[in-house]
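Asker: File run.txt below, compact mmCIF, N, CA and C atoms and all ligand atoms:
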```
# COMPACT_ATOMS: atom_id res chain seq x y z
N MET A 1 85.52 133.21 96.81
CA MET A 1 84.63 134.36 96.73
C MET A 1 84.24 134.65 95.28
N GLU A 2 85.22 134.49 94.37
CA GLU A 2 84.91 134.75 92.95
C GLU A 2 83.87 133.78 92.41
N VAL A 3 83.95 132.52 92.86
CA VAL A 3 82.96 131.54 92.40
C VAL A 3 81.56 131.96 92.84
N LEU A 4 81.45 132.36 94.10
CA LEU A 4 80.15 132.79 94.60
C LEU A 4 79.69 134.06 93.88
N TYR A 5 80.63 134.96 93.66
CA TYR A 5 80.28 136.22 93.00
C TYR A 5 79.77 135.97 91.58
N ASP A 6 80.47 135.09 90.86
CA ASP A 6 80.13 134.85 89.45
C ASP A 6 78.94 133.92 89.27
N PHE A 7 78.81 132.93 90.17
CA PHE A 7 77.83 131.88 89.90
C PHE A 7 76.80 131.68 91.01
N GLY A 8 76.98 132.33 92.16
CA GLY A 8 76.06 132.12 93.27
C GLY A 8 74.70 132.75 93.03
N THR A 9 73.69 132.16 93.65
CA THR A 9 72.37 132.78 93.64
C THR A 9 72.38 133.96 94.61
N ASP A 10 71.36 134.79 94.54
CA ASP A 10 71.28 135.91 95.48
C ASP A 10 71.29 135.42 96.92
N GLU A 11 70.57 134.34 97.17
CA GLU A 11 70.50 133.77 98.52
C GLU A 11 71.87 133.28 98.98
N GLN A 12 72.59 132.58 98.07
CA GLN A 12 73.93 132.09 98.43
C GLN A 12 74.89 133.24 98.67
N LYS A 13 74.76 134.30 97.86
CA LYS A 13 75.64 135.46 98.06
C LYS A 13 75.39 136.10 99.41
N GLU A 14 74.13 136.22 99.76
CA GLU A 14 73.81 136.85 101.03
C GLU A 14 74.32 136.01 102.21
N GLU A 15 74.14 134.69 102.09
CA GLU A 15 74.51 133.82 103.21
C GLU A 15 76.01 133.63 103.33
N TRP A 16 76.74 133.54 102.19
CA TRP A 16 78.16 133.18 102.25
C TRP A 16 79.09 134.28 101.76
N LEU A 17 78.74 134.95 100.66
CA LEU A 17 79.68 135.91 100.08
C LEU A 17 79.84 137.16 100.96
N THR A 18 78.74 137.68 101.46
CA THR A 18 78.82 138.88 102.28
C THR A 18 79.70 138.67 103.51
N PRO A 19 79.48 137.59 104.29
CA PRO A 19 80.39 137.38 105.44
C PRO A 19 81.82 137.04 105.04
N LEU A 20 82.02 136.45 103.86
CA LEU A 20 83.40 136.22 103.40
C LEU A 20 84.07 137.55 103.11
N LEU A 21 83.33 138.45 102.48
CA LEU A 21 83.90 139.74 102.13
C LEU A 21 84.21 140.59 103.36
N ASP A 22 83.38 140.48 104.39
CA ASP A 22 83.68 141.30 105.58
C ASP A 22 84.62 140.58 106.55
N GLY A 23 85.06 139.38 106.17
CA GLY A 23 86.09 138.68 106.94
C GLY A 23 85.58 137.93 108.15
N SER A 24 84.27 137.83 108.29
CA SER A 24 83.76 137.17 109.49
C SER A 24 83.77 135.64 109.36
N ILE A 25 83.82 135.11 108.14
CA ILE A 25 83.95 133.67 107.96
C ILE A 25 85.04 133.39 106.92
N ARG A 26 85.44 132.12 106.83
CA ARG A 26 86.39 131.68 105.81
C ARG A 26 85.75 130.56 105.01
N SER A 27 86.34 130.27 103.85
CA SER A 27 85.86 129.18 103.02
C SER A 27 87.00 128.21 102.75
N CYS A 28 86.68 127.06 102.18
CA CYS A 28 87.72 126.13 101.74
C CYS A 28 87.25 125.41 100.48
N PHE A 29 88.22 124.80 99.80
CA PHE A 29 87.94 124.16 98.52
C PHE A 29 88.46 122.73 98.58
N ALA A 30 87.56 121.76 98.40
CA ALA A 30 87.93 120.35 98.52
C ALA A 30 87.87 119.68 97.15
N MET A 31 89.04 119.59 96.52
CA MET A 31 89.15 118.88 95.25
C MET A 31 90.02 117.64 95.40
N THR A 32 91.22 117.80 95.96
CA THR A 32 92.23 116.74 95.95
C THR A 32 91.78 115.53 96.75
N GLU A 33 92.05 114.34 96.16
CA GLU A 33 91.66 113.08 96.80
C GLU A 33 92.88 112.18 96.98
N PRO A 34 92.92 111.41 98.07
CA PRO A 34 94.10 110.58 98.32
C PRO A 34 94.27 109.43 97.34
N ASP A 35 93.23 108.99 96.72
CA ASP A 35 93.32 107.76 95.92
C ASP A 35 93.50 107.99 94.43
N VAL A 36 93.51 109.26 93.99
CA VAL A 36 93.68 109.52 92.55
C VAL A 36 94.69 110.65 92.35
N ALA A 37 95.30 110.70 91.16
CA ALA A 37 96.20 111.80 90.81
C ALA A 37 95.34 113.04 90.57
N SER A 38 95.27 113.87 91.58
CA SER A 38 94.28 114.96 91.55
C SER A 38 94.75 116.19 90.80
N SER A 39 96.02 116.18 90.32
CA SER A 39 96.46 117.30 89.49
C SER A 39 95.66 117.33 88.19
N ASP A 40 95.06 116.19 87.84
CA ASP A 40 94.16 116.12 86.69
C ASP A 40 92.74 115.96 87.22
N ALA A 41 91.96 117.03 87.16
CA ALA A 41 90.62 117.02 87.78
C ALA A 41 89.68 116.00 87.16
N THR A 42 90.02 115.49 85.97
CA THR A 42 89.16 114.46 85.39
C THR A 42 89.25 113.15 86.18
N ASN A 43 90.29 113.03 87.06
CA ASN A 43 90.41 111.82 87.88
C ASN A 43 89.56 111.86 89.14
N ILE A 44 89.03 113.02 89.48
CA ILE A 44 88.28 113.15 90.73
C ILE A 44 87.13 112.15 90.76
N SER A 45 87.01 111.42 91.89
CA SER A 45 86.07 110.30 91.90
C SER A 45 84.92 110.45 92.89
N SER A 46 84.97 111.43 93.78
CA SER A 46 83.84 111.62 94.70
C SER A 46 82.56 111.81 93.90
N SER A 47 81.47 111.29 94.42
CA SER A 47 80.21 111.42 93.69
C SER A 47 79.26 112.39 94.38
N ILE A 48 78.52 113.10 93.57
CA ILE A 48 77.47 114.01 94.04
C ILE A 48 76.22 113.61 93.28
N VAL A 49 75.24 113.08 93.99
CA VAL A 49 74.05 112.55 93.33
C VAL A 49 72.83 113.33 93.80
N SER A 50 72.09 113.87 92.84
CA SER A 50 70.87 114.60 93.17
C SER A 50 69.80 113.62 93.63
N ASP A 51 69.10 114.03 94.69
CA ASP A 51 68.03 113.18 95.23
C ASP A 51 66.88 114.10 95.62
N GLY A 52 66.18 114.59 94.62
CA GLY A 52 65.12 115.55 94.90
C GLY A 52 65.71 116.88 95.33
N ASP A 53 65.32 117.33 96.52
CA ASP A 53 65.82 118.60 97.03
C ASP A 53 67.18 118.46 97.70
N ASN A 54 67.69 117.25 97.80
CA ASN A 54 68.95 117.00 98.49
C ASN A 54 70.00 116.45 97.54
N TYR A 55 71.24 116.45 98.03
CA TYR A 55 72.33 115.80 97.29
C TYR A 55 73.02 114.80 98.21
N ILE A 56 73.34 113.63 97.65
CA ILE A 56 74.10 112.62 98.39
C ILE A 56 75.54 112.70 97.93
N ILE A 57 76.44 112.94 98.88
CA ILE A 57 77.86 113.08 98.55
C ILE A 57 78.62 111.92 99.17
N ASN A 58 79.46 111.30 98.36
CA ASN A 58 80.27 110.19 98.85
C ASN A 58 81.69 110.37 98.34
N GLY A 59 82.62 110.58 99.23
CA GLY A 59 83.99 110.76 98.78
C GLY A 59 84.94 111.05 99.92
N ARG A 60 86.22 111.10 99.57
CA ARG A 60 87.26 111.34 100.57
C ARG A 60 88.22 112.39 100.03
N LYS A 61 88.48 113.42 100.81
CA LYS A 61 89.32 114.52 100.37
C LYS A 61 90.47 114.73 101.34
N TRP A 62 91.56 115.33 100.82
CA TRP A 62 92.61 115.81 101.72
C TRP A 62 93.24 117.05 101.11
N TRP A 63 94.16 117.66 101.85
CA TRP A 63 94.80 118.91 101.44
C TRP A 63 93.81 120.05 101.31
N THR A 64 92.75 120.02 102.06
CA THR A 64 91.76 121.08 101.97
C THR A 64 92.20 122.23 102.89
N SER A 65 92.91 123.19 102.30
CA SER A 65 93.43 124.31 103.10
C SER A 65 92.31 125.01 103.83
N ASN A 66 92.56 125.35 105.07
CA ASN A 66 91.62 126.14 105.88
C ASN A 66 90.46 125.34 106.46
N ALA A 67 90.37 124.05 106.13
CA ALA A 67 89.18 123.30 106.55
C ALA A 67 89.06 123.22 108.06
N ILE A 68 90.20 123.24 108.77
CA ILE A 68 90.10 123.15 110.23
C ILE A 68 90.14 124.51 110.90
N ASN A 69 90.13 125.55 110.08
CA ASN A 69 90.02 126.89 110.67
C ASN A 69 88.63 127.03 111.29
N PRO A 70 88.54 127.40 112.55
CA PRO A 70 87.23 127.49 113.19
C PRO A 70 86.27 128.46 112.49
N ARG A 71 86.85 129.41 111.73
CA ARG A 71 85.97 130.35 111.03
C ARG A 71 85.57 129.85 109.65
N ALA A 72 86.06 128.67 109.23
CA ALA A 72 85.66 128.12 107.92
C ALA A 72 84.23 127.61 108.02
N LYS A 73 83.33 128.23 107.29
CA LYS A 73 81.91 127.90 107.40
C LYS A 73 81.34 127.28 106.13
N ILE A 74 82.06 127.41 105.02
CA ILE A 74 81.51 126.88 103.78
C ILE A 74 82.62 126.21 102.97
N CYS A 75 82.29 125.06 102.43
CA CYS A 75 83.26 124.31 101.62
C CYS A 75 82.71 124.17 100.19
N ILE A 76 83.56 124.45 99.23
CA ILE A 76 83.21 124.15 97.84
C ILE A 76 83.81 122.78 97.53
N PHE A 77 82.96 121.82 97.30
CA PHE A 77 83.35 120.41 97.18
C PHE A 77 83.19 119.98 95.73
N MET A 78 84.26 119.41 95.15
CA MET A 78 84.18 118.97 93.76
C MET A 78 83.93 117.47 93.68
N GLY A 79 83.00 117.09 92.81
CA GLY A 79 82.72 115.67 92.62
C GLY A 79 82.09 115.42 91.26
N VAL A 80 81.86 114.16 91.00
CA VAL A 80 81.28 113.75 89.71
C VAL A 80 79.75 113.76 89.81
N THR A 81 79.14 114.52 88.93
CA THR A 81 77.68 114.55 88.88
C THR A 81 77.13 113.90 87.61
N ASN A 82 77.97 113.84 86.56
CA ASN A 82 77.51 113.32 85.27
C ASN A 82 78.52 112.31 84.71
N PRO A 83 78.57 111.12 85.30
CA PRO A 83 79.62 110.17 84.91
C PRO A 83 79.54 109.73 83.46
N GLU A 84 78.38 109.89 82.84
CA GLU A 84 78.23 109.46 81.44
C GLU A 84 78.76 110.50 80.45
N ASN A 85 79.08 111.69 80.94
CA ASN A 85 79.57 112.74 80.05
C ASN A 85 81.03 112.50 79.65
N ALA A 86 81.51 113.33 78.72
CA ALA A 86 82.93 113.32 78.37
C ALA A 86 83.75 113.66 79.62
N PRO A 87 85.00 113.18 79.72
CA PRO A 87 85.78 113.33 80.96
C PRO A 87 85.82 114.75 81.51
N HIS A 88 85.87 115.76 80.64
CA HIS A 88 85.98 117.13 81.12
C HIS A 88 84.62 117.74 81.47
N GLN A 89 83.56 116.96 81.32
CA GLN A 89 82.22 117.51 81.59
C GLN A 89 81.47 116.68 82.63
N ARG A 90 82.21 115.98 83.47
CA ARG A 90 81.58 115.11 84.47
C ARG A 90 81.46 115.76 85.85
N GLN A 91 82.27 116.78 86.09
CA GLN A 91 82.39 117.28 87.46
C GLN A 91 81.52 118.52 87.72
N SER A 92 81.13 118.66 88.96
CA SER A 92 80.46 119.87 89.44
C SER A 92 81.03 120.22 90.80
N GLN A 93 80.70 121.42 91.25
CA GLN A 93 81.11 121.84 92.59
C GLN A 93 79.86 122.20 93.37
N ILE A 94 79.84 121.78 94.62
CA ILE A 94 78.65 121.96 95.44
C ILE A 94 79.05 122.67 96.73
N LEU A 95 78.17 123.55 97.20
CA LEU A 95 78.42 124.24 98.46
C LEU A 95 78.00 123.34 99.62
N VAL A 96 78.93 123.09 100.53
CA VAL A 96 78.63 122.26 101.69
C VAL A 96 78.90 123.07 102.96
N PRO A 97 77.84 123.40 103.73
CA PRO A 97 78.07 124.10 104.99
C PRO A 97 78.96 123.26 105.91
N MET A 98 79.96 123.89 106.51
CA MET A 98 80.91 123.14 107.34
C MET A 98 80.28 122.66 108.65
N ASP A 99 79.16 123.23 109.04
CA ASP A 99 78.54 122.76 110.28
C ASP A 99 77.55 121.63 110.00
N SER A 100 77.53 121.16 108.76
CA SER A 100 76.69 120.02 108.44
C SER A 100 77.17 118.80 109.23
N GLU A 101 76.22 118.05 109.74
CA GLU A 101 76.58 116.89 110.55
C GLU A 101 77.30 115.82 109.74
N VAL A 102 77.16 115.85 108.44
CA VAL A 102 77.75 114.78 107.63
C VAL A 102 79.21 115.00 107.35
N PHE A 103 79.75 116.18 107.74
CA PHE A 103 81.13 116.49 107.43
C PHE A 103 82.04 116.05 108.56
N LEU A 104 82.86 115.05 108.33
CA LEU A 104 83.79 114.58 109.34
C LEU A 104 85.19 115.08 109.01
N LEU A 105 85.85 115.69 109.97
CA LEU A 105 87.23 116.11 109.76
C LEU A 105 88.15 115.14 110.48
N LEU A 106 89.05 114.55 109.73
CA LEU A 106 89.93 113.53 110.28
C LEU A 106 91.38 113.98 110.18
N ASP A 107 92.23 113.32 110.95
CA ASP A 107 93.67 113.56 110.88
C ASP A 107 94.00 115.04 111.06
N LEU A 108 93.46 115.62 112.10
CA LEU A 108 93.62 117.06 112.29
C LEU A 108 95.04 117.46 112.68
N CYS A 109 95.86 116.50 113.04
CA CYS A 109 97.17 116.88 113.56
C CYS A 109 98.23 116.96 112.48
N ARG A 110 97.87 116.89 111.23
CA ARG A 110 98.90 116.96 110.19
C ARG A 110 99.44 118.38 110.06
N CYS A 111 100.40 118.53 109.17
CA CYS A 111 101.25 119.72 109.18
C CYS A 111 100.52 121.02 108.82
N MET A 112 100.92 122.07 109.45
CA MET A 112 100.66 123.46 109.06
C MET A 112 99.20 123.83 108.89
N ASP A 113 98.32 123.10 109.51
CA ASP A 113 96.92 123.47 109.41
C ASP A 113 96.43 123.36 107.98
N MET A 114 97.21 122.71 107.13
CA MET A 114 96.89 122.71 105.71
C MET A 114 96.36 121.37 105.22
N MET A 115 96.74 120.32 105.89
CA MET A 115 96.49 119.00 105.34
C MET A 115 95.48 118.27 106.21
N MET A 116 94.53 117.72 105.63
CA MET A 116 93.52 117.04 106.40
C MET A 116 92.78 116.05 105.53
N ASP A 117 92.12 115.16 106.18
CA ASP A 117 91.20 114.30 105.45
C ASP A 117 89.79 114.78 105.72
N THR A 118 89.01 114.78 104.71
CA THR A 118 87.61 115.09 104.88
C THR A 118 86.82 113.92 104.34
N GLN A 119 86.00 113.37 105.16
CA GLN A 119 85.23 112.24 104.68
C GLN A 119 83.75 112.55 104.84
N VAL A 120 83.05 112.39 103.80
CA VAL A 120 81.62 112.63 103.85
C VAL A 120 80.93 111.29 103.94
N ILE A 121 80.09 111.17 104.92
CA ILE A 121 79.51 109.86 105.23
C ILE A 121 78.61 109.39 104.09
N LEU A 122 78.78 108.15 103.74
CA LEU A 122 78.00 107.53 102.68
C LEU A 122 76.51 107.69 102.96
N ASN A 123 75.81 108.06 101.93
CA ASN A 123 74.36 108.16 101.99
C ASN A 123 73.84 109.21 102.96
N SER A 124 74.67 110.17 103.28
CA SER A 124 74.17 111.27 104.10
C SER A 124 73.55 112.33 103.20
N TYR A 125 72.63 113.07 103.75
CA TYR A 125 71.89 114.01 102.95
C TYR A 125 72.30 115.44 103.31
N LEU A 126 72.42 116.25 102.29
CA LEU A 126 72.76 117.64 102.49
C LEU A 126 71.64 118.52 101.97
N LYS A 127 71.25 119.48 102.74
CA LYS A 127 70.28 120.47 102.28
C LYS A 127 71.01 121.58 101.56
N MET A 128 70.57 121.94 100.41
CA MET A 128 71.22 123.02 99.67
C MET A 128 70.54 124.34 99.99
C1 LIG A 201 100.15 123.98 100.50
C2 LIG A 201 99.12 123.21 99.74
C3 LIG A 201 97.79 123.59 99.81
C4 LIG A 201 96.82 122.89 99.12
N1 LIG A 201 95.51 123.29 99.22
C5 LIG A 201 94.56 122.58 98.58
C6 LIG A 201 93.17 122.95 98.73
O1 LIG A 201 92.82 123.92 99.38
N2 LIG A 201 92.23 122.18 98.11
C7 LIG A 201 92.58 121.08 97.37
O2 LIG A 201 91.67 120.44 96.84
N3 LIG A 201 93.88 120.72 97.22
C8 LIG A 201 94.87 121.43 97.81
N4 LIG A 201 96.18 121.05 97.68
C9 LIG A 201 96.51 119.85 96.92
C10 LIG A 201 97.04 120.15 95.53
O3 LIG A 201 96.04 120.82 94.76
C11 LIG A 201 97.40 118.80 94.92
O4 LIG A 201 98.45 118.24 95.68
C12 LIG A 201 97.82 118.94 93.49
O5 LIG A 201 96.70 119.27 92.68
C13 LIG A 201 98.47 117.64 92.95
O6 LIG A 201 97.59 116.58 93.12
P1 LIG A 201 98.14 115.23 93.82
O7 LIG A 201 98.69 115.57 95.17
O8 LIG A 201 97.04 114.21 93.74
O9 LIG A 201 99.39 114.77 92.97
P2 LIG A 201 99.38 113.89 91.64
O10 LIG A 201 98.28 114.32 90.72
O11 LIG A 201 99.43 112.45 92.04
O12 LIG A 201 100.76 114.33 90.99
C14 LIG A 201 102.02 113.90 91.55
C15 LIG A 201 103.06 114.14 90.49
O13 LIG A 201 102.79 113.29 89.37
C16 LIG A 201 102.66 114.10 88.19
N5 LIG A 201 101.61 113.49 87.35
C17 LIG A 201 100.31 113.29 87.69
N6 LIG A 201 99.65 112.69 86.67
C18 LIG A 201 100.54 112.52 85.68
C19 LIG A 201 100.48 111.96 84.37
N7 LIG A 201 99.34 111.45 83.89
N8 LIG A 201 101.60 111.96 83.63
C20 LIG A 201 102.76 112.46 84.12
N9 LIG A 201 102.89 113.01 85.34
C21 LIG A 201 101.79 113.04 86.12
C22 LIG A 201 102.31 115.50 88.66
O14 LIG A 201 102.72 116.48 87.72
C23 LIG A 201 103.10 115.59 89.95
O15 LIG A 201 104.45 115.94 89.70
C24 LIG A 201 97.18 121.76 98.32
C25 LIG A 201 98.52 121.39 98.24
C26 LIG A 201 99.47 122.10 98.93
C27 LIG A 201 100.92 121.67 98.82
```
Could you render the structure from this file as structure tokens?
Ligand SMILES: Cc1cc2nc3c(=O)[nH]c(=O)nc-3n(C[C@H](O)[C@H](O)[C@H](O)COP(=O)(O)OP(=O)(O)OC[C@H]3O[C@@H](n4cnc5c(N)ncnc54)[C@H](O)[C@@H]3O)c2cc1C
Answerer:
Amino acid sequence: MEVLYDFGTDEQKEEWLTPLLDGSIRSCFAMTEPDVASSDATNISSSIVSDGDNYIINGRKWWTSNAINPRAKICIFMGVTNPENAPHQRQSQILVPMDSEVFLLLDLCRCMDMMMDTQVILNSYLKM
């Protein structure tokens, strides 16, 4: 909620922040990846590539708390947008609606509703 409050556009606040504040939806944050030491965010390898009005996201996430909560409607997804930059300036976070067709939730039976794999299909397009 703080990310949306501090950095969201008016439209994003209306669509996501207001329902988060009144408790009607939940959010989740997808940073950790199975193939890299994710305690250091400079290792994050998922890619987010701008393609005109759309973004192409390619990556694999896990440990995304709340992702399988039926009320989770928005995911903040971290990935590399500027690979040529210095290591600490390569990453961005993008809002991904959870009802997007490109969002696949895998391994739903892992422990405590906390651990999951999230795979975003290669070359799928997301509307922002
Ligand atoms: C209950 C729970 C909820 C979580 N919810 C979320 C969530 O909502 N979203 C999300 O994105 N993630 C979530 N996570 C994942 C969590 O953020 C990561 O597990 C954490 O950041 C560590 O990353 P990692 O698992 O890749 O471990 P690693 O980075 O592989 O670290 C494993 C160990 O190696 C050490 N280590 C790593 N690199 C080095 C190095 N270069 N030198 C020396 N030691 C090193 C670390 O200190 C650690 O002890 C959750 C985890 C838990 C347990």
Asker: In Å, rounded to a single decimal, give me how far CA of Leu95 in chain A is from atom N of Thr42 in chain A.
Answerer: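 Between these atoms lies a distance of 19.2 Å.
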Asker: Just how far from CA of Phe77 in chain A is atom O8 of ligand LIG 201 (chain A), in Å to one decimal?
Answerer: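 Computing it gives 15.4 Å between the two atoms.
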Asker: With 5 Å added on each side, what axis-aligned box encloses every listed atom of ligand LIG 201 (chain A)? Give the centre and edge lengths in Å to one decimal, as JSON.
Answerer:
```
{"center_x": 98.1, "center_y": 117.7, "center_z": 92.1, "size_x": 22.8, "size_y": 22.5, "size_z": 26.9}
```
Asker: May I have the protein, DNA and RNA residues with an atom at most 8 Å from (79.1, 113.3, 92.3), counting only N, CA and C atoms in the file's coordinates, returned as JSON, numbers by chain?
Answerer: {"A": [45, 46, 47, 48, 49, 50, 56, 57, 58, 78, 79, 80, 81, 82, 83, 90, 91, 92]}
Asker: Store the residues picked out above in a file with N, CA and C atoms, as a PDB file, keeping the file's coordinate frame.
Answerer:
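Resulting contents of selection-v4.pdb:
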```
ATOM      1  N   SER A  45      87.010 111.420  91.890  1.00  0.00           N
ATOM      2  CA  SER A  45      86.070 110.300  91.900  1.00  0.00           C
ATOM      3  C   SER A  45      84.920 110.450  92.890  1.00  0.00           C
ATOM      4  N   SER A  46      84.970 111.430  93.780  1.00  0.00           N
ATOM      5  CA  SER A  46      83.840 111.620  94.700  1.00  0.00           C
ATOM      6  C   SER A  46      82.560 111.810  93.900  1.00  0.00           C
ATOM      7  N   SER A  47      81.470 111.290  94.420  1.00  0.00           N
ATOM      8  CA  SER A  47      80.210 111.420  93.690  1.00  0.00           C
ATOM      9  C   SER A  47      79.260 112.390  94.380  1.00  0.00           C
ATOM     10  N   ILE A  48      78.520 113.100  93.570  1.00  0.00           N
ATOM     11  CA  ILE A  48      77.470 114.010  94.040  1.00  0.00           C
ATOM     12  C   ILE A  48      76.220 113.610  93.280  1.00  0.00           C
ATOM     13  N   VAL A  49      75.240 113.080  93.990  1.00  0.00           N
ATOM     14  CA  VAL A  49      74.050 112.550  93.330  1.00  0.00           C
ATOM     15  C   VAL A  49      72.830 113.330  93.800  1.00  0.00           C
ATOM     16  N   SER A  50      72.090 113.870  92.840  1.00  0.00           N
ATOM     17  CA  SER A  50      70.870 114.600  93.170  1.00  0.00           C
ATOM     18  C   SER A  50      69.800 113.620  93.630  1.00  0.00           C
ATOM     19  N   ILE A  56      73.340 113.630  97.650  1.00  0.00           N
ATOM     20  CA  ILE A  56      74.100 112.620  98.390  1.00  0.00           C
ATOM     21  C   ILE A  56      75.540 112.700  97.930  1.00  0.00           C
ATOM     22  N   ILE A  57      76.440 112.940  98.880  1.00  0.00           N
ATOM     23  CA  ILE A  57      77.860 113.080  98.550  1.00  0.00           C
ATOM     24  C   ILE A  57      78.620 111.920  99.170  1.00  0.00           C
ATOM     25  N   ASN A  58      79.460 111.300  98.360  1.00  0.00           N
ATOM     26  CA  ASN A  58      80.270 110.190  98.850  1.00  0.00           C
ATOM     27  C   ASN A  58      81.690 110.370  98.340  1.00  0.00           C
ATOM     28  N   MET A  78      84.260 119.410  95.150  1.00  0.00           N
ATOM     29  CA  MET A  78      84.180 118.970  93.760  1.00  0.00           C
ATOM     30  C   MET A  78      83.930 117.470  93.680  1.00  0.00           C
ATOM     31  N   GLY A  79      83.000 117.090  92.810  1.00  0.00           N
ATOM     32  CA  GLY A  79      82.720 115.670  92.620  1.00  0.00           C
ATOM     33  C   GLY A  79      82.090 115.420  91.260  1.00  0.00           C
ATOM     34  N   VAL A  80      81.860 114.160  91.000  1.00  0.00           N
ATOM     35  CA  VAL A  80      81.280 113.750  89.710  1.00  0.00           C
ATOM     36  C   VAL A  80      79.750 113.760  89.810  1.00  0.00           C
ATOM     37  N   THR A  81      79.140 114.520  88.930  1.00  0.00           N
ATOM     38  CA  THR A  81      77.680 114.550  88.880  1.00  0.00           C
ATOM     39  C   THR A  81      77.130 113.900  87.610  1.00  0.00           C
ATOM     40  N   ASN A  82      77.970 113.840  86.560  1.00  0.00           N
ATOM     41  CA  ASN A  82      77.510 113.320  85.270  1.00  0.00           C
ATOM     42  C   ASN A  82      78.520 112.310  84.710  1.00  0.00           C
ATOM     43  N   PRO A  83      78.570 111.120  85.300  1.00  0.00           N
ATOM     44  CA  PRO A  83      79.620 110.170  84.910  1.00  0.00           C
ATOM     45  C   PRO A  83      79.540 109.730  83.460  1.00  0.00           C
ATOM     46  N   ARG A  90      82.210 115.980  83.470  1.00  0.00           N
ATOM     47  CA  ARG A  90      81.580 115.110  84.470  1.00  0.00           C
ATOM     48  C   ARG A  90      81.460 115.760  85.850  1.00  0.00           C
ATOM     49  N   GLN A  91      82.270 116.780  86.090  1.00  0.00           N
ATOM     50  CA  GLN A  91      82.390 117.280  87.460  1.00  0.00           C
ATOM     51  C   GLN A  91      81.520 118.520  87.720  1.00  0.00           C
ATOM     52  N   SER A  92      81.130 118.660  88.960  1.00  0.00           N
ATOM     53  CA  SER A  92      80.460 119.870  89.440  1.00  0.00           C
ATOM     54  C   SER A  92      81.030 120.220  90.800  1.00  0.00           C
TER      55      SER A  92
END
```
Asker: Quick one: contact table of chain A to ligand LIG 201 (chain A), 6 Å max, nearest atom pair and distance in Å to one decimal per residue, counting all atoms listed in the file, chain and number order, as a Markdown table?
Answerer:
```
| residue | atom | partner | partner_atom | distance |
| --- | --- | --- | --- | --- |
| A:Cys28 | C | A:LIG201 | O1 | 5.9 |
| A:Phe29 | C | A:LIG201 | N2 | 3.8 |
| A:Ala30 | C | A:LIG201 | O2 | 3.9 |
| A:Met31 | N | A:LIG201 | O2 | 2.8 |
| A:Thr32 | N | A:LIG201 | O2 | 2.8 |
| A:Glu33 | N | A:LIG201 | O8 | 5.5 |
| A:Val36 | C | A:LIG201 | O8 | 4.5 |
| A:Ala37 | C | A:LIG201 | O10 | 3.2 |
| A:Ser38 | N | A:LIG201 | O8 | 2.8 |
| A:Ser39 | N | A:LIG201 | O10 | 3.0 |
| A:Asp40 | N | A:LIG201 | O10 | 4.7 |
| A:Trp62 | C | A:LIG201 | N3 | 5.4 |
| A:Trp63 | C | A:LIG201 | C5 | 3.8 |
| A:Thr64 | C | A:LIG201 | O1 | 3.9 |
| A:Ser65 | N | A:LIG201 | O1 | 3.0 |
| A:Asn66 | N | A:LIG201 | O1 | 5.9 |
```
Asker: Mind pulling up the distance from CA of Gly23 in chain A to CA of Arg71 in chain A?
Answerer: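 Those two atoms sit 9.3 Å apart.
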Asker: Applying 12 Å and only C-alpha atoms, which residues near Lys13 in chain A remain after dropping the ones on its own chain fewer than 4 positions away? List them as a PyMOL selection string.
Answerer: chain A and resi 1-9+17-21+74+95
